[in-house]
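Chemist: One file is attached below, my_file39.cif, containing mmCIF, C-alpha atoms.
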```cif
data_query
#
loop_
_atom_site.label_atom_id
_atom_site.label_comp_id
_atom_site.auth_asym_id
_atom_site.auth_seq_id
_atom_site.Cartn_x
_atom_site.Cartn_y
_atom_site.Cartn_z
CA MET Y 1 91.03 81.83 68.45
CA ALA Y 2 90.78 82.90 72.09
CA THR Y 3 92.61 80.90 74.73
CA THR Y 4 91.99 80.51 78.42
CA GLU Y 5 95.66 80.32 79.43
CA THR Y 6 95.57 83.86 80.88
CA THR Y 7 92.52 83.10 83.02
CA PRO Y 8 93.62 82.08 86.53
CA HIS Y 9 92.62 78.69 87.83
CA PRO Y 10 89.54 78.80 90.12
CA ARG Y 11 91.75 78.09 93.15
CA GLU Y 12 93.92 81.09 92.37
CA ARG Y 13 90.88 83.32 91.78
CA ILE Y 14 89.43 82.24 95.11
CA LEU Y 15 92.69 83.00 96.95
CA ARG Y 16 93.02 86.41 95.33
CA ALA Y 17 89.39 87.27 96.05
CA ALA Y 18 89.67 86.22 99.69
CA ALA Y 19 92.92 88.17 100.16
CA ASP Y 20 91.40 91.32 98.64
CA LEU Y 21 88.25 91.04 100.75
CA LEU Y 22 90.32 90.49 103.89
CA ALA Y 23 92.49 93.54 103.19
CA GLU Y 24 89.51 95.75 102.39
CA GLY Y 25 87.00 94.69 105.01
CA GLY Y 26 88.67 92.45 107.57
CA ARG Y 27 87.78 88.92 108.60
CA GLU Y 28 84.03 89.63 108.63
CA ALA Y 29 84.10 90.51 104.92
CA VAL Y 30 85.35 87.06 103.93
CA SER Y 31 82.25 84.89 103.60
CA THR Y 32 81.33 82.06 101.28
CA ARG Y 33 78.93 84.33 99.42
CA SER Y 34 81.34 87.26 99.04
CA VAL Y 35 84.26 85.09 97.92
CA SER Y 36 82.07 83.16 95.48
CA ALA Y 37 80.84 86.38 93.90
CA ALA Y 38 84.27 88.01 93.72
CA ALA Y 39 85.97 84.92 92.29
CA GLY Y 40 83.13 83.98 89.94
CA VAL Y 41 82.77 80.45 91.30
CA GLN Y 42 80.14 78.36 93.03
CA ALA Y 43 80.31 77.87 96.80
CA GLN Y 44 80.94 74.17 96.25
CA THR Y 45 84.17 75.03 94.45
CA ILE Y 46 85.50 76.75 97.57
CA TYR Y 47 84.76 73.74 99.73
CA ARG Y 48 86.17 71.36 97.14
CA GLN Y 49 89.43 73.31 96.95
CA PHE Y 50 89.92 74.23 100.63
CA GLY Y 51 87.63 72.03 102.71
CA ASP Y 52 85.98 74.98 104.44
CA MET Y 53 86.37 78.74 104.96
CA ARG Y 54 88.89 78.15 107.72
CA GLY Y 55 91.07 76.21 105.28
CA LEU Y 56 90.79 79.06 102.79
CA LEU Y 57 91.73 81.68 105.38
CA ASP Y 58 94.70 79.62 106.54
CA GLU Y 59 96.07 79.45 103.00
CA VAL Y 60 95.52 83.18 102.52
CA ALA Y 61 97.43 83.77 105.74
CA GLN Y 62 100.31 81.53 104.68
CA ARG Y 63 100.61 83.31 101.35
CA GLY Y 64 100.53 86.73 102.96
CA PHE Y 65 103.17 85.65 105.46
CA ALA Y 66 105.57 84.36 102.82
CA ALA Y 67 107.17 87.71 101.95
CA TYR Y 68 107.53 88.58 105.62
CA LEU Y 69 109.29 85.28 106.30
CA ALA Y 70 111.63 85.89 103.36
CA ASP Y 71 112.60 89.22 104.92
CA LYS Y 72 113.09 87.55 108.29
CA HIS Y 73 115.40 84.93 106.78
CA ALA Y 74 117.41 87.65 105.04
CA ASN Y 75 117.67 89.52 108.33
CA LEU Y 76 119.16 86.42 109.97
CA SER Y 77 121.87 85.92 107.40
CA SER Y 78 124.62 88.16 108.81
CA GLY Y 79 125.57 90.88 111.25
CA ASP Y 80 125.45 91.51 114.98
CA PRO Y 81 122.66 89.38 116.52
CA VAL Y 82 121.41 92.24 118.71
CA GLU Y 83 121.08 94.47 115.67
CA GLN Y 84 119.33 91.60 113.89
CA LEU Y 85 116.84 91.43 116.76
CA ARG Y 86 116.16 95.15 116.38
CA ARG Y 87 115.61 94.78 112.65
CA GLY Y 88 113.46 91.71 113.22
CA TRP Y 89 111.25 93.64 115.65
CA ASP Y 90 110.90 96.49 113.15
CA LEU Y 91 110.00 94.06 110.35
CA HIS Y 92 107.34 92.45 112.53
CA VAL Y 93 105.69 95.73 113.49
CA ALA Y 94 105.89 97.14 109.96
CA PHE Y 95 104.28 93.98 108.55
CA GLY Y 96 101.42 94.18 111.04
CA VAL Y 97 100.72 97.88 110.54
CA ALA Y 98 100.78 97.46 106.75
CA ASN Y 99 98.56 94.35 106.84
CA PRO Y 100 96.23 94.82 109.82
CA ALA Y 101 93.52 92.33 108.82
CA LEU Y 102 96.05 89.64 107.92
CA TYR Y 103 97.97 90.29 111.14
CA ARG Y 104 94.84 89.95 113.24
CA LEU Y 105 94.02 86.72 111.45
CA LEU Y 106 97.47 85.36 112.23
CA TYR Y 107 98.06 86.62 115.76
CA THR Y 108 94.80 87.60 117.45
CA ASP Y 109 92.14 85.34 115.93
CA PRO Y 110 91.22 83.16 118.93
CA ARG Y 111 91.92 79.63 117.68
CA PRO Y 112 93.74 77.79 120.48
CA GLY Y 113 96.20 75.25 119.16
CA GLU Y 114 95.92 76.43 115.55
CA GLY Y 115 98.12 78.71 113.47
CA ALA Y 116 101.32 77.14 114.80
CA THR Y 117 102.43 76.03 111.34
CA VAL Y 118 101.96 79.50 109.90
CA MET Y 119 103.69 81.39 112.68
CA GLY Y 120 106.07 78.74 113.98
CA GLU Y 121 108.76 79.48 111.42
CA ALA Y 122 108.88 83.17 112.36
CA TYR Y 123 109.12 82.27 116.05
CA ASP Y 124 111.90 79.77 115.31
CA ILE Y 125 113.86 82.57 113.65
CA LEU Y 126 113.39 84.72 116.76
CA VAL Y 127 114.65 81.90 118.99
CA ARG Y 128 117.70 81.44 116.76
CA LEU Y 129 118.54 85.14 117.02
CA VAL Y 130 118.13 85.14 120.79
CA THR Y 131 120.31 82.01 120.95
CA GLN Y 132 123.04 83.80 119.03
CA VAL Y 133 122.91 86.64 121.56
CA ALA Y 134 123.12 84.13 124.41
CA GLU Y 135 126.18 82.52 122.87
CA THR Y 136 128.01 85.87 123.08
CA GLY Y 137 127.41 85.98 126.84
CA ARG Y 138 125.16 89.05 126.67
CA LEU Y 139 121.75 87.55 127.45
CA ARG Y 140 120.44 88.07 130.98
CA LYS Y 141 117.72 85.39 130.86
CA ASP Y 142 117.15 81.91 129.50
CA VAL Y 143 116.74 81.81 125.71
CA GLN Y 144 113.13 80.60 125.74
CA ALA Y 145 112.06 83.10 128.39
CA ALA Y 146 113.73 85.99 126.54
CA ALA Y 147 112.24 84.97 123.19
CA ALA Y 148 108.76 84.71 124.72
CA MET Y 149 109.07 88.20 126.21
CA ILE Y 150 110.18 89.74 122.91
CA HIS Y 151 107.44 87.89 121.03
CA ALA Y 152 104.69 88.96 123.43
CA ALA Y 153 105.86 92.57 123.57
CA GLY Y 154 106.10 92.78 119.77
CA ILE Y 155 102.55 91.49 119.32
CA GLY Y 156 101.29 93.87 121.98
CA VAL Y 157 102.87 96.92 120.36
CA THR Y 158 101.72 95.91 116.88
CA THR Y 159 98.10 95.33 117.87
CA ALA Y 160 98.11 98.61 119.83
CA LEU Y 161 99.34 100.52 116.79
CA ILE Y 162 96.83 98.80 114.50
CA GLY Y 163 94.00 99.72 116.87
CA ALA Y 164 95.21 103.28 117.30
CA ARG Y 165 95.49 103.80 113.56
CA ALA Y 166 92.00 102.39 112.96
CA ALA Y 167 90.61 104.74 115.61
CA GLY Y 168 92.47 107.76 114.24
CA LEU Y 169 94.61 107.99 117.40
CA PHE Y 170 98.01 107.23 115.90
CA ALA Y 171 99.37 110.77 116.34
CA GLY Y 172 101.84 110.81 119.20
CA LEU Y 173 102.55 107.08 118.98
CA GLU Y 174 105.16 107.25 116.23
CA ASP Y 175 107.95 106.32 118.67
CA LEU Y 176 106.02 103.68 120.61
CA SER Y 177 107.52 100.71 118.77
CA GLU Y 178 111.12 101.93 118.90
CA ASN Y 179 110.91 102.95 122.57
CA THR Y 180 109.31 99.65 123.60
CA ARG Y 181 111.78 97.65 121.54
CA ASP Y 182 114.75 99.37 123.15
CA ALA Y 183 113.31 98.99 126.66
CA VAL Y 184 112.63 95.27 126.21
CA LEU Y 185 116.04 94.54 124.70
CA ALA Y 186 117.81 96.60 127.38
CA ALA Y 187 116.07 94.50 130.04
CA LEU Y 188 117.21 91.27 128.39
CA ILE Y 189 120.59 92.05 126.84
CA THR Y 190 123.70 93.70 128.26
CA ASP Y 191 125.66 96.19 126.23
CA GLU Y 192 129.21 95.25 125.31
CA GLN Y 193 130.83 97.48 127.94
CA GLU Y 194 128.60 96.08 130.66
CA THR Y 195 129.44 92.55 129.57
CA ALA Y 196 133.15 93.29 129.80
CA ALA Y 197 132.78 94.71 133.32
CA ALA Y 198 129.97 92.73 134.95
CA PRO Y 199 129.31 93.95 138.52
CA SER Y 200 129.89 90.63 140.24
CA ARG Y 201 131.25 87.13 139.84
CA ALA Y 202 127.73 85.72 140.37
CA GLU Y 203 126.26 87.81 137.58
CA ARG Y 204 129.09 86.91 135.24
CA GLY Y 205 128.47 83.28 136.12
CA ALA Y 206 124.77 83.63 135.37
CA ARG Y 207 125.48 85.05 131.94
CA HIS Y 208 127.98 82.32 131.16
CA ALA Y 209 125.38 79.76 132.26
CA VAL Y 210 122.88 81.24 129.81
CA ALA Y 211 125.50 81.11 127.04
CA LEU Y 212 126.52 77.53 127.83
CA LYS Y 213 122.91 76.34 127.97
CA ALA Y 214 122.27 77.94 124.57
CA LEU Y 215 125.24 76.07 123.13
CA LEU Y 216 124.11 72.86 124.84
CA ASP Y 217 120.63 73.13 123.31
CA GLU Y 218 122.01 73.96 119.86
CA GLU Y 219 124.36 70.97 119.66
CA LYS Y 220 122.36 68.09 121.10
CA GLY Y 221 123.72 65.60 118.60
CA GLU Y 222 127.38 66.45 119.21
CA GLN Y 223 127.76 66.05 122.98
CA PRO Y 224 129.45 63.37 125.10
CA PHE Y 225 126.41 63.20 127.42
CA THR Y 226 123.68 60.66 127.90
CA PRO Y 227 120.10 62.01 127.67
CA GLY Y 228 119.88 61.97 131.46
CA GLU Y 229 123.16 63.84 131.86
CA HIS Y 230 122.02 66.37 129.28
CA LEU Y 231 118.80 67.03 131.20
CA LEU Y 232 120.62 67.32 134.52
CA LEU Y 233 123.24 69.71 133.18
CA GLY Y 234 120.49 71.78 131.56
CA GLU Y 235 118.67 72.01 134.90
CA TRP Y 236 121.82 73.12 136.71
CA LEU Y 237 122.56 75.76 134.10
CA THR Y 238 118.98 77.03 134.26
CA ARG Y 239 119.32 77.47 138.02
CA LEU Y 240 122.62 79.30 137.65
CA ALA Y 241 121.19 81.52 134.91
CA GLY Y 242 118.10 82.43 136.92
CA LYS Y 243 119.68 83.05 140.32
CA PRO Y 244 122.76 85.30 140.16
CA GLY Y 245 122.52 85.94 143.89
CA PRO Y 246 121.07 88.67 146.16
CA GLY Y 247 121.45 92.05 144.53
CA GLY Y 248 123.23 90.38 141.63
CA ARG Y 249 126.18 89.46 143.87
#
```
Could you express the structure from this file as structure tokens?

Modeler:
Amino acid sequence: MATTETTPHPRERILRAAADLLAEGGREAVSTRSVSAAAGVQAQTIYRQFGDMRGLLDEVAQRGFAAYLADKHANLSSGDPVEQLRRGWDLHVAFGVANPALYRLLYTDPRPGEGATVMGEAYDILVRLVTQVAETGRLRKDVQAAAAMIHAAGIGVTTALIGARAAGLFAGLEDLSENTRDAVLAALITDEQETAAAPSRAERGARHAVALKALLDEEKGEQPFTPGEHLLLGEWLTRLAGKPGPGGR
């Protein structure tokens, strides 16, 4: 007697169908009609399971992002934080180039205020890595500013490579990601020799301010400060970190 245990649940069939359509034809290929036909379900089933097509696409995006997040967490587990940032950048770009439609859905689909849950975890990992660099005294800027710069540059490079590959213009851009990564990190992070021999007392002070503010933000529950004192100290450290003096002196 035949069983139906090997037949995926309608929800699973819908998710698989939507993911396949997205990978093959982009966002425009994922419609109620196309998903219904590919999954062998009625349109009402899609709405019953996911609310609407936006809900379906969000779940597809979260599923597709899961493996990437697992790699990001593994990358964070050990090693030099600067090297972890390099590997994290490479993982981000490789994920986008390998999954262009999913990447566009996550990072370039214009939905102000949405997508934060899907992408927030990856950004939190980036902030943690940048914080670790700050705590070594090697970060030139405030943690949040540095993380935002790395995030924006990574998205820019990835979308540029996706577009170039789709247009058949990828030749000659093989080193774009690596060169941009190294330029951005060099602008934000000192090398170890430079850190040991900073050019001025003011610049050394600025870097220590960045490091102390990172530690202050990481250990909010373990400080002998009132909330007001915490805010004031954070403001002072931000000023010190951002203004090392004329010419860095």

Chemist: I'd like the neighbourhood of Y:Arg54 as a list in words, where a residue qualifies if any of its atoms comes within 12 Å (using only C-alpha atoms), though same-chain residues fewer than 4 positions away should be ignored.

Modeler: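 Skipping anything fewer than 4 positions along the chain leaves Ala18, Arg27, Val30, Ser31, Thr32, Ile46, Tyr47, Gln49, Phe50, Asp58, Glu59, Val60, Ala61, Leu105, Asp109, Arg111, Glu114 and Gly115 of chain Y.
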
Chemist: Point out the residue among Y:Ile150, Y:Leu102, Y:Leu176, Y:Ala39 with the least atom-to-atom distance to Y:Leu22, counting all atoms listed in the file.

Modeler: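 Comparing Y:Ile150, Y:Leu102, Y:Leu176, Y:Ala39 against Y:Leu22, the winner is Y:Leu102.
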
Chemist: When distances are computed from all atoms listed in the file, which of Y:Arg181, Y:His92, Y:Arg33, Y:Arg16 shows the smallest separation from Y:Arg63?

Modeler: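 Comparing Y:Arg181, Y:His92, Y:Arg33, Y:Arg16 against Y:Arg63, the winner is Y:Arg16.
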
Chemist: Hey, can you check how far atom CA of Y:Arg140 sits from atom CA of Y:Val184?

Modeler: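 Computing it gives 11.6 Å between the two atoms.
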
Chemist: For stretch 153-169 of chain Y, list every protein, DNA or RNA residue within 9 Å, evaluated using all atoms listed in the file, and leave out those in the same chain fewer than 2 positions away; present the list as JSON, numbers by chain.

Modeler: {"Y": [89, 90, 92, 93, 94, 95, 96, 97, 98, 100, 103, 104, 107, 108, 148, 149, 150, 151, 171, 172, 173, 174, 176, 177, 180, 181, 184]}

Chemist: Quote the spacing between atom CA of Y:Glu28 and atom CA of Y:Gln42 in Å to one decimal place.

Modeler: 19.6 Å

Chemist: Quote the spacing between atom CA of Y:Leu69 and atom CA of Y:Arg86 in Å to one decimal place.

Modeler: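 About the pair atom CA of Y:Leu69 and atom CA of Y:Arg86: they are 15.7 Å apart.
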
Chemist: My list of candidates is Y:Ala186, Y:Phe170, Y:Ala134, Y:Glu178. Which is closest to Y:Leu91 when distances are computed with all atoms listed in the file?

Modeler: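 Closest candidate: Y:Glu178.
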
Chemist: Out of Y:Ala29, Y:Ala152, Y:Leu185, Y:Ala67, which residue has the shortest atom-to-atom distance to Y:Ala17 when counting all atoms listed in the file?

Modeler: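 When distances to Y:Ala17 are compared using all atoms listed in the file, the smallest one comes from Y:Ala29.
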
Chemist: On this structure, the PyMOL selection byres ((chain Y and resi 143) around 8) would catch which residues? List them as an MDAnalysis selection string, sorted by chain and number.

Modeler: chainID Y and resid 127 130:131 134 139 141:142 144:147 210 214

Chemist: Which residue, Y:Asp80, Y:Asp124, Y:Asp71, Y:Asp182, has the smallest gap to Y:Arg138 when you use all atoms listed in the file?

Modeler: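 The answer is Y:Asp80, which sits nearest to Y:Arg138.
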